[in-house]
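Visitor: Sharing a structure with you now.
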4 protein chains.
Amino acid sequence: MDVSYSRTDTALLLIDPYNDFLSEGGKLHGLAKQVFDATGTLDNLRRVVAAARAAGIRVFFTPHHRARPSDFSLWKNASPYLLGGDRMQVFAEGSWGGEWHPDFVPQEGDVVAKEHWHSSGFAHTDLDLLLRRHGVEKVILVGLLANTCVESTGKFAAELGYHVTLVVDATAAFTREAMDAAHKINGPTYAHAIVATANLVQALAAPAVLEP
Amino acid sequence: MDVSYSRTDTALLLIDPYNDFLSEGGKLHGLAKQVFDATGTLDNLRRVVAAARAAGIRVFFTPHHRARPSDFSLWKNASPYLLGGDRMQVFAEGSWGGEWHPDFVPQEGDVVAKEHWHSSGFAHTDLDLLLRRHGVEKVILVGLLANTCVESTGKFAAELGYHVTLVVDATAAFTREAMDAAHKINGPTYAHAIVATANLVQALAAPAVLEP
Amino acid sequence: MDVSYSRTDTALLLIDPYNDFLSEGGKLHGLAKQVFDATGTLDNLRRVVAAARAAGIRVFFTPHHRARPSDFSLWKNASPYLLGGDRMQVFAEGSWGGEWHPDFVPQEGDVVAKEHWHSSGFAHTDLDLLLRRHGVEKVILVGLLANTCVESTGKFAAELGYHVTLVVDATAAFTREAMDAAHKINGPTYAHAIVATANLVQALAAPAVLEP
Amino acid sequence: MDVSYSRTDTALLLIDPYNDFLSEGGKLHGLAKQVFDATGTLDNLRRVVAAARAAGIRVFFTPHHRARPSDFSLWKNASPYLLGGDRMQVFAEGSWGGEWHPDFVPQEGDVVAKEHWHSSGFAHTDLDLLLRRHGVEKVILVGLLANTCVESTGKFAAELGYHVTLVVDATAAFTREAMDAAHKINGPTYAHAIVATANLVQALAAPAVLEP
């Protein structure tokens, strides 16, 4: 891998690590389970987060809006996809499904951005501001789903001028085709690096990261 | 089709209708030619634009940056995809390839937004402002490419609160798989309507458009 | 007054109605007290909010970031003004000063936007999205301070295409000169209407508002 | 002055240096002439630009929209101020008044951002993108007018996380009161440094700038 990451210029964006996605019994877990299991998503997420923390790379939580019953009752132009999530009350506020998966709970020094309403972690949130205020120029994206929130966050990051890294096996989707679309078709049109967890973990342990 | 469009709330976004995409001999034309021909892209674009004009729906040109030789010489974090376009000098300023295809030249009353540097017609341009100033709430996206500029523009439009319509055969891509990813995998996660030219042309001729 | 407001197109933005500003003993109350008293700010805010509610005009709370001790420890380029607020822990999270003034607590049907870090209620928040999703095109700005958060929110609103109304006596500042700068020097360069509470209350009771 | 500027992190934003502002006979020149003459604006602008160029600090032109006769005919919510500029056709496209003042013409290596429609050089333009792509974190603002485009650009810059320097005598306004409002009342609420040309020129000649 010919990309290097430094603790002073890189952040790990941990996207929507909620029980509803990542835990058995979560509202969306079943839909992604086949890809989760084939990909080893959960274990790879653990490895990436651990490697980032070990390298002193800051973790930015990039959370989806937590559903409330009346959110969209008066909204103009809510899309079918938004309304579907609303009907299911995905990541419902105050519910177990809307809590962080127990292995991905913010720790001292992490940053938690404002919740995003739709797909991009940057849209109508303070994620860009918080990244800039910490001097971040490179973002590594992991979490859910590869072709929705991860891809939209990545596309916005690229438009904003960030260096964007996707990690093909530290994410998931509802189908294998959606994973391939995210990483083989669309990723190359905006990302700077598309890597596997094993390679990323190795890069994060390299001197460029470990020595200021 | 259960969507209706009115001349007061709808705009047609015509994305990157340059010779380099749409005309024989254009720098990117060959790469998309197989999909163009199978899809009937050029003819469908003509039909959609004509139907929009006939219905009094305003056309907003949403143009990609026209390349200049030194654009990215000093840029931080230009992506491989941006640098590839730069090397080819796609839509080069002052060149034939960077001119509008002769069938898609702005007419009296059309609006031309500022050029976008990357993929989304909304990023760092005045497209959102111009649409709002004209009272637009619904956008119909046609042009090139389905999985890059059209999709990014659509995703940004959805985040901004617009009602988004994709037209599956008034666009193109470099592969059939990229077309499918745009319309069958990703489109349903943000778009409000995904239609064919024939249906759209019919909807645009309906009373909801033609009266008031 | 030749502006009319309708319940379907207008919102009242209630900016930073915290105890630290509005209540005796609040951290910033003393600094603004002279202007408060001369202007009748608190009573005028009550009248405007009551008139808006009576007219069916939705109230959007536009809250400043609630301070936490470590907010800026690692920020690049925090301004002296931000750092000053940080040292005072203005609107501190979990404190009485960071609670809504008891007369301005969100009610059923109100909307509460995300907190803003600096001065503009639109910067890095979902205020614009929430207004658009409710069909709002006109915003009436009241709250604190006239030349900081109210003015910045107004300037951003104008750039975004909203119709902007300032209410000269339903706000305050640390000096009379700052009030005049906001309403006589800068307001006219971006606002559409600059009115007094009495006139606004009258306009809000007019048929254009009361009858859809 | 305890601020230092480096050629790698600083840009000079030259705001609206048009003949209509800066040249005898320009449409707005007369309105600002009293302040121009008392302040020495034109000469100070020359000194700041020369000092920036000598120090290797990049100049970013931040230009106002050049008026065209039909710009606002269909716009919703155009403000009285915008409409006033429109009636006067300030900085008219293709006119002498809309040309750069002859002493402030872009040179090789300068960057010209997209035109802004209203007051902030950042609103609906690519200024932020271009600054980030060049690694800029500090902006020095000069040009016209102190309380409109300069102030709005500065407020947006602060919200975006930039370090902001105002130069009190390398700008102008229609009244002395507007100058004071910009520099004594509002500037301190968002800017990091508020300096005079003489001090800035000295700081720009310091080793921090001259030696990478």
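A note on labels: chains of the structure tokens are A, B, ... as shown, every chain counts residues from 1, and ligands are counted from 1 in their shown order.
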Please provide chain B as a PDB file with C-alpha atoms, in the first residue's frame, once it has been superposed on chain C by least squares across all sequentially paired Cα atoms.

Guide:
ATOM      1  CA  MET B   1     -45.972  47.056   6.782  1.00  0.00           C
ATOM      2  CA  ASP B   2     -46.168  45.746   3.257  1.00  0.00           C
ATOM      3  CA  VAL B   3     -44.900  42.242   3.984  1.00  0.00           C
ATOM      4  CA  SER B   4     -47.316  39.430   4.562  1.00  0.00           C
ATOM      5  CA  TYR B   5     -46.622  36.138   6.254  1.00  0.00           C
ATOM      6  CA  SER B   6     -48.452  32.876   5.802  1.00  0.00           C
ATOM      7  CA  ARG B   7     -48.412  29.925   8.141  1.00  0.00           C
ATOM      8  CA  THR B   8     -47.324  27.746   5.250  1.00  0.00           C
ATOM      9  CA  ASP B   9     -44.294  29.737   4.158  1.00  0.00           C
ATOM     10  CA  THR B  10     -43.019  31.459   7.311  1.00  0.00           C
ATOM     11  CA  ALA B  11     -41.074  30.393  10.375  1.00  0.00           C
ATOM     12  CA  LEU B  12     -40.058  32.202  13.524  1.00  0.00           C
ATOM     13  CA  LEU B  13     -36.393  31.586  14.371  1.00  0.00           C
ATOM     14  CA  LEU B  14     -35.903  31.884  18.100  1.00  0.00           C
ATOM     15  CA  ILE B  15     -32.178  32.310  18.578  1.00  0.00           C
ATOM     16  CA  ASP B  16     -30.375  31.312  21.782  1.00  0.00           C
ATOM     17  CA  PRO B  17     -33.177  31.948  24.297  1.00  0.00           C
ATOM     18  CA  TYR B  18     -31.071  30.674  27.188  1.00  0.00           C
ATOM     19  CA  ASN B  19     -31.058  31.710  30.804  1.00  0.00           C
ATOM     20  CA  ASP B  20     -27.467  32.881  30.444  1.00  0.00           C
ATOM     21  CA  PHE B  21     -28.780  35.593  28.139  1.00  0.00           C
ATOM     22  CA  LEU B  22     -32.331  36.239  29.255  1.00  0.00           C
ATOM     23  CA  SER B  23     -32.522  35.604  33.002  1.00  0.00           C
ATOM     24  CA  GLU B  24     -31.271  37.637  35.939  1.00  0.00           C
ATOM     25  CA  GLY B  25     -28.023  36.032  37.065  1.00  0.00           C
ATOM     26  CA  GLY B  26     -27.208  34.572  33.639  1.00  0.00           C
ATOM     27  CA  LYS B  27     -23.560  34.777  32.677  1.00  0.00           C
ATOM     28  CA  LEU B  28     -24.155  37.262  29.881  1.00  0.00           C
ATOM     29  CA  HIS B  29     -27.271  38.898  31.214  1.00  0.00           C
ATOM     30  CA  GLY B  30     -25.485  41.728  32.953  1.00  0.00           C
ATOM     31  CA  LEU B  31     -23.545  42.684  29.838  1.00  0.00           C
ATOM     32  CA  ALA B  32     -26.762  43.141  27.872  1.00  0.00           C
ATOM     33  CA  LYS B  33     -28.961  44.381  30.699  1.00  0.00           C
ATOM     34  CA  GLN B  34     -28.837  48.034  29.811  1.00  0.00           C
ATOM     35  CA  VAL B  35     -29.987  47.341  26.261  1.00  0.00           C
ATOM     36  CA  PHE B  36     -32.524  44.750  27.469  1.00  0.00           C
ATOM     37  CA  ASP B  37     -34.160  47.240  29.757  1.00  0.00           C
ATOM     38  CA  ALA B  38     -34.130  50.136  27.317  1.00  0.00           C
ATOM     39  CA  THR B  39     -35.503  47.937  24.544  1.00  0.00           C
ATOM     40  CA  GLY B  40     -38.025  45.865  26.444  1.00  0.00           C
ATOM     41  CA  THR B  41     -36.472  42.794  24.868  1.00  0.00           C
ATOM     42  CA  LEU B  42     -37.935  40.147  27.100  1.00  0.00           C
ATOM     43  CA  ASP B  43     -41.478  41.375  26.882  1.00  0.00           C
ATOM     44  CA  ASN B  44     -41.238  41.861  23.129  1.00  0.00           C
ATOM     45  CA  LEU B  45     -39.923  38.336  22.687  1.00  0.00           C
ATOM     46  CA  ARG B  46     -42.949  37.083  24.616  1.00  0.00           C
ATOM     47  CA  ARG B  47     -45.295  39.067  22.366  1.00  0.00           C
ATOM     48  CA  VAL B  48     -43.684  37.919  19.134  1.00  0.00           C
ATOM     49  CA  VAL B  49     -43.679  34.270  20.143  1.00  0.00           C
ATOM     50  CA  ALA B  50     -47.285  34.447  21.271  1.00  0.00           C
ATOM     51  CA  ALA B  51     -48.363  36.152  18.060  1.00  0.00           C
ATOM     52  CA  ALA B  52     -46.547  33.592  15.937  1.00  0.00           C
ATOM     53  CA  ARG B  53     -48.157  30.698  17.803  1.00  0.00           C
ATOM     54  CA  ALA B  54     -51.567  32.320  17.540  1.00  0.00           C
ATOM     55  CA  ALA B  55     -51.114  32.674  13.786  1.00  0.00           C
ATOM     56  CA  GLY B  56     -50.021  29.067  13.365  1.00  0.00           C
ATOM     57  CA  ILE B  57     -46.503  30.062  12.385  1.00  0.00           C
ATOM     58  CA  ARG B  58     -44.042  27.409  13.395  1.00  0.00           C
ATOM     59  CA  VAL B  59     -41.295  28.185  15.893  1.00  0.00           C
ATOM     60  CA  PHE B  60     -37.797  26.899  15.097  1.00  0.00           C
ATOM     61  CA  PHE B  61     -35.410  26.931  18.032  1.00  0.00           C
ATOM     62  CA  THR B  62     -31.961  27.910  16.806  1.00  0.00           C
ATOM     63  CA  PRO B  63     -29.687  27.118  19.720  1.00  0.00           C
ATOM     64  CA  HIS B  64     -26.044  27.956  20.330  1.00  0.00           C
ATOM     65  CA  HIS B  65     -23.640  25.183  21.255  1.00  0.00           C
ATOM     66  CA  ARG B  66     -23.778  24.414  24.951  1.00  0.00           C
ATOM     67  CA  ALA B  67     -20.257  24.666  26.330  1.00  0.00           C
ATOM     68  CA  ARG B  68     -18.339  21.688  27.667  1.00  0.00           C
ATOM     69  CA  PRO B  69     -15.002  22.128  29.444  1.00  0.00           C
ATOM     70  CA  SER B  70     -12.809  20.447  26.847  1.00  0.00           C
ATOM     71  CA  ASP B  71     -14.458  21.691  23.683  1.00  0.00           C
ATOM     72  CA  PHE B  72     -11.663  23.645  22.151  1.00  0.00           C
ATOM     73  CA  SER B  73      -8.596  22.094  23.750  1.00  0.00           C
ATOM     74  CA  LEU B  74      -7.499  20.647  20.418  1.00  0.00           C
ATOM     75  CA  TRP B  75      -9.094  23.018  17.942  1.00  0.00           C
ATOM     76  CA  LYS B  76      -7.107  24.794  15.335  1.00  0.00           C
ATOM     77  CA  ASN B  77      -7.908  28.446  14.752  1.00  0.00           C
ATOM     78  CA  ALA B  78     -10.476  28.944  17.484  1.00  0.00           C
ATOM     79  CA  SER B  79     -11.046  32.698  17.521  1.00  0.00           C
ATOM     80  CA  PRO B  80     -10.492  34.875  20.585  1.00  0.00           C
ATOM     81  CA  TYR B  81     -14.261  35.334  20.778  1.00  0.00           C
ATOM     82  CA  LEU B  82     -14.903  31.580  20.794  1.00  0.00           C
ATOM     83  CA  LEU B  83     -12.191  31.082  23.400  1.00  0.00           C
ATOM     84  CA  GLY B  84     -13.678  33.831  25.532  1.00  0.00           C
ATOM     85  CA  GLY B  85     -17.052  32.086  25.536  1.00  0.00           C
ATOM     86  CA  ASP B  86     -15.263  28.865  26.332  1.00  0.00           C
ATOM     87  CA  ARG B  87     -13.459  30.314  29.322  1.00  0.00           C
ATOM     88  CA  MET B  88     -16.776  31.569  30.698  1.00  0.00           C
ATOM     89  CA  GLN B  89     -18.461  28.270  29.807  1.00  0.00           C
ATOM     90  CA  VAL B  90     -21.396  30.184  28.444  1.00  0.00           C
ATOM     91  CA  PHE B  91     -24.609  28.093  28.093  1.00  0.00           C
ATOM     92  CA  ALA B  92     -22.765  25.273  29.846  1.00  0.00           C
ATOM     93  CA  GLU B  93     -24.190  21.852  29.141  1.00  0.00           C
ATOM     94  CA  GLY B  94     -26.200  20.613  32.070  1.00  0.00           C
ATOM     95  CA  SER B  95     -26.240  24.001  33.778  1.00  0.00           C
ATOM     96  CA  TRP B  96     -29.134  26.352  34.486  1.00  0.00           C
ATOM     97  CA  GLY B  97     -27.555  28.930  32.201  1.00  0.00           C
ATOM     98  CA  GLY B  98     -27.717  26.500  29.289  1.00  0.00           C
ATOM     99  CA  GLU B  99     -31.419  25.804  29.826  1.00  0.00           C
ATOM    100  CA  TRP B 100     -34.149  27.584  27.909  1.00  0.00           C
ATOM    101  CA  HIS B 101     -35.565  30.635  29.633  1.00  0.00           C
ATOM    102  CA  PRO B 102     -38.813  29.354  31.216  1.00  0.00           C
ATOM    103  CA  ASP B 103     -40.986  31.446  28.880  1.00  0.00           C
ATOM    104  CA  PHE B 104     -39.307  30.008  25.792  1.00  0.00           C
ATOM    105  CA  VAL B 105     -39.422  26.261  26.117  1.00  0.00           C
ATOM    106  CA  PRO B 106     -40.143  24.145  23.010  1.00  0.00           C
ATOM    107  CA  GLN B 107     -43.779  23.106  22.712  1.00  0.00           C
ATOM    108  CA  GLU B 108     -45.497  20.373  20.740  1.00  0.00           C
ATOM    109  CA  GLY B 109     -44.995  21.101  17.053  1.00  0.00           C
ATOM    110  CA  ASP B 110     -41.959  23.314  17.493  1.00  0.00           C
ATOM    111  CA  VAL B 111     -38.754  22.294  15.748  1.00  0.00           C
ATOM    112  CA  VAL B 112     -35.374  22.332  17.461  1.00  0.00           C
ATOM    113  CA  ALA B 113     -32.422  22.599  15.100  1.00  0.00           C
ATOM    114  CA  LYS B 114     -28.978  21.264  15.898  1.00  0.00           C
ATOM    115  CA  GLU B 115     -26.786  23.531  17.999  1.00  0.00           C
ATOM    116  CA  HIS B 116     -24.490  25.926  16.164  1.00  0.00           C
ATOM    117  CA  TRP B 117     -20.841  26.206  17.223  1.00  0.00           C
ATOM    118  CA  HIS B 118     -20.223  29.811  16.350  1.00  0.00           C
ATOM    119  CA  SER B 119     -22.648  32.525  15.276  1.00  0.00           C
ATOM    120  CA  SER B 120     -24.761  31.425  12.340  1.00  0.00           C
ATOM    121  CA  GLY B 121     -27.652  29.118  13.111  1.00  0.00           C
ATOM    122  CA  PHE B 122     -27.189  27.655   9.624  1.00  0.00           C
ATOM    123  CA  ALA B 123     -23.488  26.789   9.797  1.00  0.00           C
ATOM    124  CA  HIS B 124     -22.911  23.062  10.243  1.00  0.00           C
ATOM    125  CA  THR B 125     -26.475  22.448  11.444  1.00  0.00           C
ATOM    126  CA  ASP B 126     -29.694  21.075   9.995  1.00  0.00           C
ATOM    127  CA  LEU B 127     -31.601  24.365  10.208  1.00  0.00           C
ATOM    128  CA  ASP B 128     -31.727  24.894   6.449  1.00  0.00           C
ATOM    129  CA  LEU B 129     -32.858  21.318   5.850  1.00  0.00           C
ATOM    130  CA  LEU B 130     -35.583  21.508   8.471  1.00  0.00           C
ATOM    131  CA  LEU B 131     -36.898  24.803   7.128  1.00  0.00           C
ATOM    132  CA  ARG B 132     -36.980  23.485   3.553  1.00  0.00           C
ATOM    133  CA  ARG B 133     -38.637  20.251   4.586  1.00  0.00           C
ATOM    134  CA  HIS B 134     -41.409  22.330   6.126  1.00  0.00           C
ATOM    135  CA  GLY B 135     -41.753  24.537   3.056  1.00  0.00           C
ATOM    136  CA  VAL B 136     -40.465  27.665   4.745  1.00  0.00           C
ATOM    137  CA  GLU B 137     -39.359  30.571   2.538  1.00  0.00           C
ATOM    138  CA  LYS B 138     -39.609  33.462   4.990  1.00  0.00           C
ATOM    139  CA  VAL B 139     -37.833  33.660   8.325  1.00  0.00           C
ATOM    140  CA  ILE B 140     -38.457  36.097  11.159  1.00  0.00           C
ATOM    141  CA  LEU B 141     -35.421  36.360  13.428  1.00  0.00           C
ATOM    142  CA  VAL B 142     -35.640  37.159  17.123  1.00  0.00           C
ATOM    143  CA  GLY B 143     -33.360  36.473  20.065  1.00  0.00           C
ATOM    144  CA  LEU B 144     -29.753  37.148  20.965  1.00  0.00           C
ATOM    145  CA  LEU B 145     -27.468  38.943  20.092  1.00  0.00           C
ATOM    146  CA  ALA B 146     -28.482  41.387  17.400  1.00  0.00           C
ATOM    147  CA  ASN B 147     -24.991  41.801  15.930  1.00  0.00           C
ATOM    148  CA  THR B 148     -23.651  38.264  16.413  1.00  0.00           C
ATOM    149  CA  CYS B 149     -25.906  35.210  16.170  1.00  0.00           C
ATOM    150  CA  VAL B 150     -28.965  37.049  14.861  1.00  0.00           C
ATOM    151  CA  GLU B 151     -26.994  38.939  12.232  1.00  0.00           C
ATOM    152  CA  SER B 152     -24.923  35.947  11.126  1.00  0.00           C
ATOM    153  CA  THR B 153     -28.033  33.792  10.923  1.00  0.00           C
ATOM    154  CA  GLY B 154     -29.721  36.509   8.904  1.00  0.00           C
ATOM    155  CA  LYS B 155     -26.805  36.905   6.524  1.00  0.00           C
ATOM    156  CA  PHE B 156     -26.636  33.176   5.931  1.00  0.00           C
ATOM    157  CA  ALA B 157     -30.419  33.057   5.434  1.00  0.00           C
ATOM    158  CA  ALA B 158     -30.186  35.751   2.781  1.00  0.00           C
ATOM    159  CA  GLU B 159     -27.397  33.910   0.970  1.00  0.00           C
ATOM    160  CA  LEU B 160     -29.539  30.761   1.027  1.00  0.00           C
ATOM    161  CA  GLY B 161     -32.442  32.567  -0.612  1.00  0.00           C
ATOM    162  CA  TYR B 162     -34.783  33.160   2.307  1.00  0.00           C
ATOM    163  CA  HIS B 163     -36.870  36.267   2.853  1.00  0.00           C
ATOM    164  CA  VAL B 164     -35.476  37.721   6.098  1.00  0.00           C
ATOM    165  CA  THR B 165     -37.262  39.855   8.688  1.00  0.00           C
ATOM    166  CA  LEU B 166     -35.440  41.479  11.597  1.00  0.00           C
ATOM    167  CA  VAL B 167     -37.323  42.706  14.658  1.00  0.00           C
ATOM    168  CA  VAL B 168     -35.399  45.605  16.155  1.00  0.00           C
ATOM    169  CA  ASP B 169     -36.842  45.433  19.658  1.00  0.00           C
ATOM    170  CA  ALA B 170     -37.075  41.658  20.085  1.00  0.00           C
ATOM    171  CA  THR B 171     -33.334  41.324  20.414  1.00  0.00           C
ATOM    172  CA  ALA B 172     -30.491  42.923  22.343  1.00  0.00           C
ATOM    173  CA  ALA B 173     -26.752  43.553  22.293  1.00  0.00           C
ATOM    174  CA  PHE B 174     -24.000  44.587  24.666  1.00  0.00           C
ATOM    175  CA  THR B 175     -24.160  48.200  23.517  1.00  0.00           C
ATOM    176  CA  ARG B 176     -26.576  50.565  21.837  1.00  0.00           C
ATOM    177  CA  GLU B 177     -23.986  51.076  19.075  1.00  0.00           C
ATOM    178  CA  ALA B 178     -24.024  47.361  18.320  1.00  0.00           C
ATOM    179  CA  MET B 179     -27.835  47.469  18.067  1.00  0.00           C
ATOM    180  CA  ASP B 180     -27.629  50.350  15.631  1.00  0.00           C
ATOM    181  CA  ALA B 181     -24.926  48.670  13.581  1.00  0.00           C
ATOM    182  CA  ALA B 182     -27.127  45.609  13.262  1.00  0.00           C
ATOM    183  CA  HIS B 183     -30.317  47.400  12.306  1.00  0.00           C
ATOM    184  CA  LYS B 184     -29.300  50.669  10.667  1.00  0.00           C
ATOM    185  CA  ILE B 185     -25.981  49.831   8.996  1.00  0.00           C
ATOM    186  CA  ASN B 186     -25.864  46.103   8.199  1.00  0.00           C
ATOM    187  CA  GLY B 187     -29.494  44.976   8.274  1.00  0.00           C
ATOM    188  CA  PRO B 188     -30.451  46.972   5.186  1.00  0.00           C
ATOM    189  CA  THR B 189     -27.712  45.214   3.184  1.00  0.00           C
ATOM    190  CA  TYR B 190     -29.355  41.785   3.426  1.00  0.00           C
ATOM    191  CA  ALA B 191     -32.753  41.885   5.168  1.00  0.00           C
ATOM    192  CA  HIS B 192     -36.105  42.237   3.413  1.00  0.00           C
ATOM    193  CA  ALA B 193     -37.963  43.802   6.327  1.00  0.00           C
ATOM    194  CA  ILE B 194     -36.761  45.501   9.498  1.00  0.00           C
ATOM    195  CA  VAL B 195     -39.688  46.035  11.821  1.00  0.00           C
ATOM    196  CA  ALA B 196     -40.772  46.708  15.383  1.00  0.00           C
ATOM    197  CA  THR B 197     -42.609  44.166  17.507  1.00  0.00           C
ATOM    198  CA  ALA B 198     -45.824  46.160  17.424  1.00  0.00           C
ATOM    199  CA  ASN B 199     -45.933  46.144  13.620  1.00  0.00           C
ATOM    200  CA  LEU B 200     -44.976  42.514  13.357  1.00  0.00           C
ATOM    201  CA  VAL B 201     -47.661  41.449  15.821  1.00  0.00           C
ATOM    202  CA  GLN B 202     -50.189  43.331  13.732  1.00  0.00           C
ATOM    203  CA  ALA B 203     -48.982  41.743  10.488  1.00  0.00           C
ATOM    204  CA  LEU B 204     -49.112  38.276  12.028  1.00  0.00           C
ATOM    205  CA  ALA B 205     -52.749  38.801  12.945  1.00  0.00           C
ATOM    206  CA  ALA B 206     -53.683  39.718   9.367  1.00  0.00           C
ATOM    207  CA  PRO B 207     -55.853  37.515   7.147  1.00  0.00           C
ATOM    208  CA  ALA B 208     -52.941  36.400   4.973  1.00  0.00           C
ATOM    209  CA  VAL B 209     -51.701  34.519   7.975  1.00  0.00           C
ATOM    210  CA  LEU B 210     -54.946  33.525   9.576  1.00  0.00           C
ATOM    211  CA  GLU B 211     -56.695  32.183   6.525  1.00  0.00           C
ATOM    212  CA  PRO B 212     -55.486  29.169   4.487  1.00  0.00           C
TER     213      PRO B 212
END

Visitor: Per DSSP on the backbone, filter region 16-209 of chain C down to the residues in strand (DSSP E) and report them as number ranges by chain.

Guide: C: 58-62, 111-112, 138-143, 163-171, 193-195
